[in-house]
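Listing of target-v7.txt; format and content: compact mmCIF, C-alpha atoms.
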# COMPACT_ATOMS: atom_id res chain seq x y z
CA MET A 139 -23.91 152.33 4.07
CA SER A 140 -22.65 155.63 5.35
CA LYS A 141 -22.58 158.56 2.94
CA LYS A 142 -19.53 159.02 0.76
CA LYS A 143 -17.29 161.62 2.31
CA SER A 144 -15.11 164.11 0.58
CA VAL A 145 -11.45 163.25 1.05
CA PHE A 146 -9.56 165.40 -1.44
CA ILE A 147 -8.45 168.93 -0.68
CA GLN A 148 -6.83 171.28 -3.16
CA GLY A 149 -3.28 172.07 -2.03
CA GLU A 150 -1.75 171.79 1.41
CA ILE A 151 -3.76 170.62 4.44
CA THR A 152 -3.30 173.57 6.76
CA SER A 153 -2.80 173.63 10.55
CA ASP A 154 -6.07 175.58 10.78
CA PHE A 155 -7.94 172.83 8.96
CA ILE A 156 -6.46 170.21 11.32
CA ALA A 157 -7.22 172.32 14.42
CA ASN A 158 -10.82 172.79 13.25
CA ALA A 159 -11.21 169.06 12.72
CA ILE A 160 -10.12 168.47 16.31
CA ALA A 161 -12.37 171.22 17.69
CA LYS A 162 -15.44 169.74 15.96
CA HIS A 163 -15.11 166.62 18.11
CA GLN A 164 -15.46 168.35 21.47
CA THR A 165 -19.23 167.80 21.37
CA LYS A 166 -18.78 164.05 20.84
CA THR A 167 -18.29 163.28 24.51
CA GLU A 168 -18.35 159.49 24.16
CA ILE A 169 -14.85 159.80 22.66
CA GLY A 170 -11.93 159.21 25.02
CA ALA A 171 -9.06 158.91 22.53
CA HIS A 172 -8.06 160.54 19.26
CA ASN A 173 -5.15 159.52 17.11
CA ILE A 174 -3.79 161.52 14.18
CA PHE A 175 -1.40 160.68 11.38
CA LEU A 176 0.01 163.51 9.27
CA GLY A 177 1.98 162.87 6.10
CA GLN A 178 4.34 165.70 5.19
CA VAL A 179 6.13 166.33 1.88
CA ARG A 180 9.78 165.49 2.46
CA LYS A 181 12.68 167.40 0.94
CA ASP A 182 14.31 164.33 -0.60
CA ILE A 183 17.56 164.61 -2.51
CA VAL A 184 17.75 162.34 -5.56
CA ASP A 185 20.96 162.32 -7.63
CA ASP A 186 21.89 165.81 -6.37
CA LYS A 187 18.43 167.18 -7.18
CA THR A 188 16.26 168.49 -4.35
CA VAL A 189 12.51 167.95 -4.15
CA ALA A 190 10.70 171.30 -3.94
CA ALA A 191 7.09 170.04 -4.03
CA ILE A 192 4.85 167.15 -4.98
CA GLU A 193 1.98 167.52 -7.44
CA PHE A 194 -0.77 165.02 -6.62
CA SER A 195 -3.44 163.69 -8.97
CA ARG A 196 -5.85 160.77 -8.76
CA TYR A 197 -8.18 158.47 -10.66
CA GLU A 198 -11.24 160.05 -9.14
CA GLU A 199 -13.96 157.40 -9.41
CA MET A 200 -11.69 154.52 -8.41
CA ALA A 201 -10.08 156.51 -5.59
CA ASN A 202 -13.50 157.39 -4.13
CA GLU A 203 -14.66 153.78 -4.31
CA LYS A 204 -11.50 152.45 -2.65
CA LEU A 205 -11.63 155.08 0.10
CA HIS A 206 -15.27 154.23 0.75
CA THR A 207 -14.39 150.53 1.04
CA ILE A 208 -11.49 151.27 3.38
CA ARG A 209 -13.81 153.35 5.60
CA GLU A 210 -16.48 150.65 5.75
CA GLU A 211 -13.98 147.87 6.45
CA THR A 212 -12.18 149.87 9.12
CA PHE A 213 -15.45 150.52 10.93
CA GLU A 214 -16.25 146.78 10.77
CA LYS A 215 -12.83 145.83 12.13
CA TYR A 216 -12.40 148.40 14.91
CA ASN A 217 -14.71 149.92 17.50
CA LEU A 218 -14.41 153.53 16.37
CA THR A 219 -16.63 156.53 17.00
CA CYS A 220 -15.44 158.32 13.89
CA MET A 221 -12.81 158.43 11.22
CA HIS A 222 -11.64 161.12 8.81
CA ILE A 223 -9.28 160.79 5.88
CA TYR A 224 -8.02 163.78 3.89
CA HIS A 225 -5.49 163.89 1.07
CA SER A 226 -4.13 166.77 -0.98
CA LEU A 227 -4.54 167.25 -4.71
CA GLY A 228 -2.42 169.60 -6.77
CA THR A 229 0.85 171.04 -5.54
CA VAL A 230 2.12 170.81 -1.96
CA GLN A 231 5.50 172.35 -1.14
CA THR A 232 8.05 170.49 1.01
CA GLY A 233 7.11 170.81 4.67
CA GLY A 234 3.41 170.96 3.80
CA VAL A 235 0.98 168.35 5.10
CA CYS A 236 -0.58 166.28 2.30
CA PHE A 237 -2.26 163.42 4.20
CA PHE A 238 -4.35 163.61 7.37
CA VAL A 239 -5.91 160.58 9.07
CA PHE A 240 -7.93 161.22 12.21
CA VAL A 241 -9.41 158.36 14.22
CA SER A 242 -11.50 158.59 17.41
CA ALA A 243 -12.82 155.93 19.80
CA PRO A 244 -13.97 155.56 23.39
CA HIS A 245 -10.64 153.93 24.34
CA ARG A 246 -7.00 154.15 23.29
CA PRO A 247 -5.84 150.76 21.87
CA GLN A 248 -8.24 150.80 18.92
CA VAL A 249 -7.14 154.16 17.57
CA TYR A 250 -3.46 153.24 17.21
CA GLU A 251 -4.18 150.07 15.28
CA ALA A 252 -6.90 151.60 13.15
CA THR A 253 -4.68 154.53 12.13
CA GLU A 254 -1.90 152.24 10.94
CA TYR A 255 -4.42 150.06 9.11
CA ILE A 256 -5.96 153.05 7.28
CA VAL A 257 -2.62 154.65 6.38
CA ASN A 258 -1.25 151.39 4.95
CA ARG A 259 -4.37 150.70 2.93
CA VAL A 260 -4.62 154.23 1.51
CA LYS A 261 -0.99 154.14 0.43
CA SER A 262 -1.24 150.76 -1.27
CA GLU A 263 -4.80 150.67 -2.65
CA VAL A 264 -5.92 154.18 -3.56
CA PRO A 265 -4.91 155.40 -7.03
CA ILE A 266 -3.17 158.63 -6.09
CA PHE A 267 -0.18 159.72 -8.16
CA GLY A 268 2.61 162.08 -7.15
CA LYS A 269 4.98 164.01 -9.35
CA GLU A 270 8.06 165.11 -7.37
CA LEU A 271 9.05 168.53 -8.67
CA PHE A 272 12.75 169.31 -8.27
CA GLU A 273 14.09 172.76 -7.47
CA GLU A 274 15.85 173.03 -10.81
CA GLY A 275 12.74 172.34 -12.89
CA THR A 276 12.76 168.62 -13.74
CA HIS A 277 10.59 165.99 -12.08
CA GLN A 278 10.21 162.30 -11.31
CA TRP A 279 7.20 160.19 -10.39
CA LYS A 280 7.01 159.09 -6.77
CA LYS A 281 6.42 155.42 -6.01
CA ASN A 282 5.20 154.01 -2.71
CA ILE A 283 7.37 151.09 -1.68
CA MET B 1183 -11.90 150.34 -27.13
CA GLU B 1184 -11.36 153.30 -24.86
CA VAL B 1185 -8.46 153.25 -22.41
CA LYS B 1186 -7.73 155.83 -19.70
CA TYR B 1187 -4.22 156.78 -18.61
CA PHE B 1188 -3.18 158.18 -15.24
CA GLY B 1189 -0.07 159.52 -13.53
CA GLU B 1190 3.19 158.87 -15.33
CA ILE B 1191 1.36 156.85 -17.99
CA ALA B 1192 -0.63 159.92 -19.06
CA GLU B 1193 2.67 161.77 -19.34
CA ARG B 1194 4.34 159.07 -21.42
CA THR B 1195 1.38 158.67 -23.78
CA ASN B 1196 0.79 162.43 -23.79
CA THR B 1197 -2.95 161.91 -23.32
CA THR B 1198 -5.42 160.95 -20.58
CA SER B 1199 -7.49 158.64 -22.78
CA GLN B 1200 -7.22 156.95 -26.13
CA HIS B 1201 -9.35 154.90 -28.48
CA ILE B 1202 -7.37 151.86 -29.55
CA SER B 1203 -8.19 149.02 -31.94
CA LEU B 1204 -6.83 145.60 -31.05
CA GLU B 1205 -7.36 142.43 -33.08
CA LYS B 1206 -8.64 140.87 -29.85
CA LYS B 1207 -9.88 142.90 -26.88
CA SER B 1208 -7.74 141.19 -24.30
CA LEU B 1209 -5.32 142.10 -21.57
CA PHE B 1210 -2.27 140.51 -23.22
CA LYS B 1211 -2.98 142.37 -26.50
CA LEU B 1212 -3.31 145.61 -24.56
CA LEU B 1213 0.02 145.00 -22.78
CA SER B 1214 1.69 144.35 -26.17
CA PHE B 1215 0.17 147.54 -27.57
CA LEU B 1216 1.51 149.60 -24.65
CA LYS B 1217 4.97 148.08 -25.00
CA ASP B 1218 5.15 148.42 -28.79
CA THR B 1219 3.67 151.91 -28.95
CA TYR B 1220 5.08 153.61 -25.87
CA GLY B 1221 7.75 151.27 -24.51
CA ILE B 1222 5.67 150.86 -21.33
CA GLU B 1223 6.63 147.70 -19.46
CA SER B 1224 4.00 145.55 -17.75
CA ASN B 1225 5.97 145.66 -14.47
CA ASP B 1226 5.70 149.46 -14.31
CA ILE B 1227 1.90 149.64 -14.34
CA HIS B 1228 -1.34 148.58 -12.71
CA ILE B 1229 -4.38 147.79 -14.82
CA ALA B 1230 -7.84 148.58 -13.45
CA VAL B 1231 -11.01 147.18 -14.98
CA ASN B 1232 -14.18 148.84 -13.68
CA HIS B 1233 -12.13 150.41 -10.84
CA ASN B 1234 -10.59 147.15 -9.64
CA LEU B 1235 -7.00 146.09 -10.19
CA VAL B 1236 -6.61 142.92 -12.26
CA SER B 1237 -3.77 140.42 -12.52
CA LYS B 1238 -1.43 140.96 -15.46
CA GLU B 1239 -0.73 137.22 -15.55
CA THR B 1240 -4.17 136.24 -16.85
CA ASP B 1241 -5.31 137.07 -20.36
CA LEU B 1242 -8.63 138.61 -19.41
CA GLU B 1243 -11.04 139.34 -22.25
CA PHE B 1244 -12.55 142.83 -22.04
CA LYS B 1245 -16.25 143.50 -22.44
CA GLU B 1246 -17.55 146.40 -24.50
CA THR B 1247 -18.75 148.25 -21.39
CA ASP B 1248 -15.58 147.75 -19.31
CA GLU B 1249 -13.81 150.87 -18.07
CA ILE B 1250 -10.12 150.14 -18.59
CA ALA B 1251 -7.41 152.26 -17.01
CA ILE B 1252 -3.62 152.07 -17.02
CA LEU B 1253 -2.11 153.43 -13.82
CA SER B 1254 1.42 154.23 -12.75
CA PRO B 1255 2.58 153.22 -9.24
CA PHE B 1256 0.55 154.72 -6.39
CA ALA B 1257 2.11 157.54 -4.39
CA GLY B 1258 -0.52 158.61 -1.87
CA GLY B 1259 0.37 159.38 1.72

Could I get this structure in the form of structure tokens?
Amino acid sequence: MSKKKSVFIQGEITSDFIANAIAKHQTKTEIGAHNIFLGQVRKDIVDDKTVAAIEFSRYEEMANEKLHTIREETFEKYNLTCMHIYHSLGTVQTGGVCFFVFVSAPHRPQVYEATEYIVNRVKSEVPIFGKELFEEGTHQWKKNI
Amino acid sequence: MEVKYFGEIAERTNTTSQHISLEKKSLFKLLSFLKDTYGIESNDIHIAVNHNLVSKETDLEFKETDEIAILSPFAGG
């Protein structure tokens, strides 16, 4: 069992954070391919109301367990060198990055498939909740389809 | 028994956890309680027992030590 990694970050995932994550892999010279997925808060318009931000929360213990399982099962399924998953907590304004999946392997085909697999599983299995805050002060709860 | 609420469910119940007394500690009784007390429909929630989602079609009996949580739809990503 690999150690449980910290996934949740307060607020937006910044470009600096993402750039640092990439830079840290330059010493891992067995890697030949990285793939990155970034989820960004979209300025949706719902019934004439415009989303200004999303406020994320989670069921901590269950979320950590599910993320750990997803990590383990992804490593079993794909030949990866490493994998990182980060998700925001708290408020992220529209245009801000709230989800960062970073997958690395010796060769290219594995990283595409693994990224899609991780993103789909995180969205459907990890208890993360999102309150869409509208510009004029009301809100609605986001639902993944 | 103690029940935890998350996401929209915590908003609708106005609390993140609650001690509730049911005549039988079962899933169907819990669903009835949520509907009668808060108007929460079974289709709008997930139920997790000890951090795993359970079917809402089976009348599971809860154990004293079970951690029971009512979750609104997931929105990660």

Check which residues of chain A sit at most 6 Å from chain B using all atoms listed in the file, and return one row each with the closest pair of atoms and their distance in Å to one decimal, ordered by chain and rising number, as a tab-separated table.
residue	atom	partner	partner_atom	distance
A:Gly177	CA	B:Gly1259	CA	5.8
A:Met200	CA	B:His1233	CA	4.8
A:Phe237	CA	B:Gly1259	CA	5.4
A:Lys261	CA	B:Gly1258	CA	5.0
A:Pro265	CA	B:Phe1256	CA	5.5
A:Ile266	CA	B:Gly1258	CA	5.0
A:Phe267	CA	B:Ala1257	CA	4.9
A:Gly268	CA	B:Ala1257	CA	5.3
A:Lys280	CA	B:Ala1257	CA	5.7
A:Lys281	CA	B:Ala1257	CA	5.1
A:Asn282	CA	B:Ala1257	CA	5.0

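For the pair atom CA of Gly1221 of chain B and atom CA of Ile1252 of chain B, the separation is 13.6 Å.
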
Inset, instruction - Calculate how many Å separate atom CA of Glu1249 of chain B from atom CA of Leu205 of chain A, rounding to one decimal. - result: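 The value is 18.8 Å.
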
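Going from atom CA of Phe155 of chain A over to atom CA of Glu193 of chain A, you cover 19.9 Å.
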
Inset, instruction - Can you pull out every residue within 12 Å of Thr219 of chain A, counting all atoms listed in the file, but drop anything in the same chain fewer than 5 positions away, and send it as number ranges by chain? - result: A: 163, 166-173, 212-214, 240-246, 248-249, 252

Inset, instruction - Could you check which of B:Asp1241, B:Glu1205, B:Glu1246, B:Glu1193 is closest to Tyr1220 of chain B, using all atoms listed in the file? - result: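 Closest to Tyr1220 of chain B, using all atoms listed in the file: B:Glu1193.
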
Legend entry - Point (5.7, 170.5, -5.9) neighbourhood (6 Å, all atoms listed in the file) written as a list in words: Ala190, Ala191, Ile192, Glu193, Thr229, Val230, Gln231 and Leu271 of chain A

Inset, instruction - Within 9 Å of Glu1184 of chain B, counting all atoms listed in the file, which residues show up once you throw out same-chain ones fewer than 5 positions away? Write them as a list in words, please. - result: Ser1199, Gln1200, His1201, Ile1202, Ser1203, Asp1248, Glu1249, Ile1250 and Ala1251 of chain B

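Each of A:Ile160, A:Val184, A:Ile147, A:Leu176 was checked against Gln278 of chain A using all atoms listed in the file; the smallest atom-to-atom distance is that of A:Val184.
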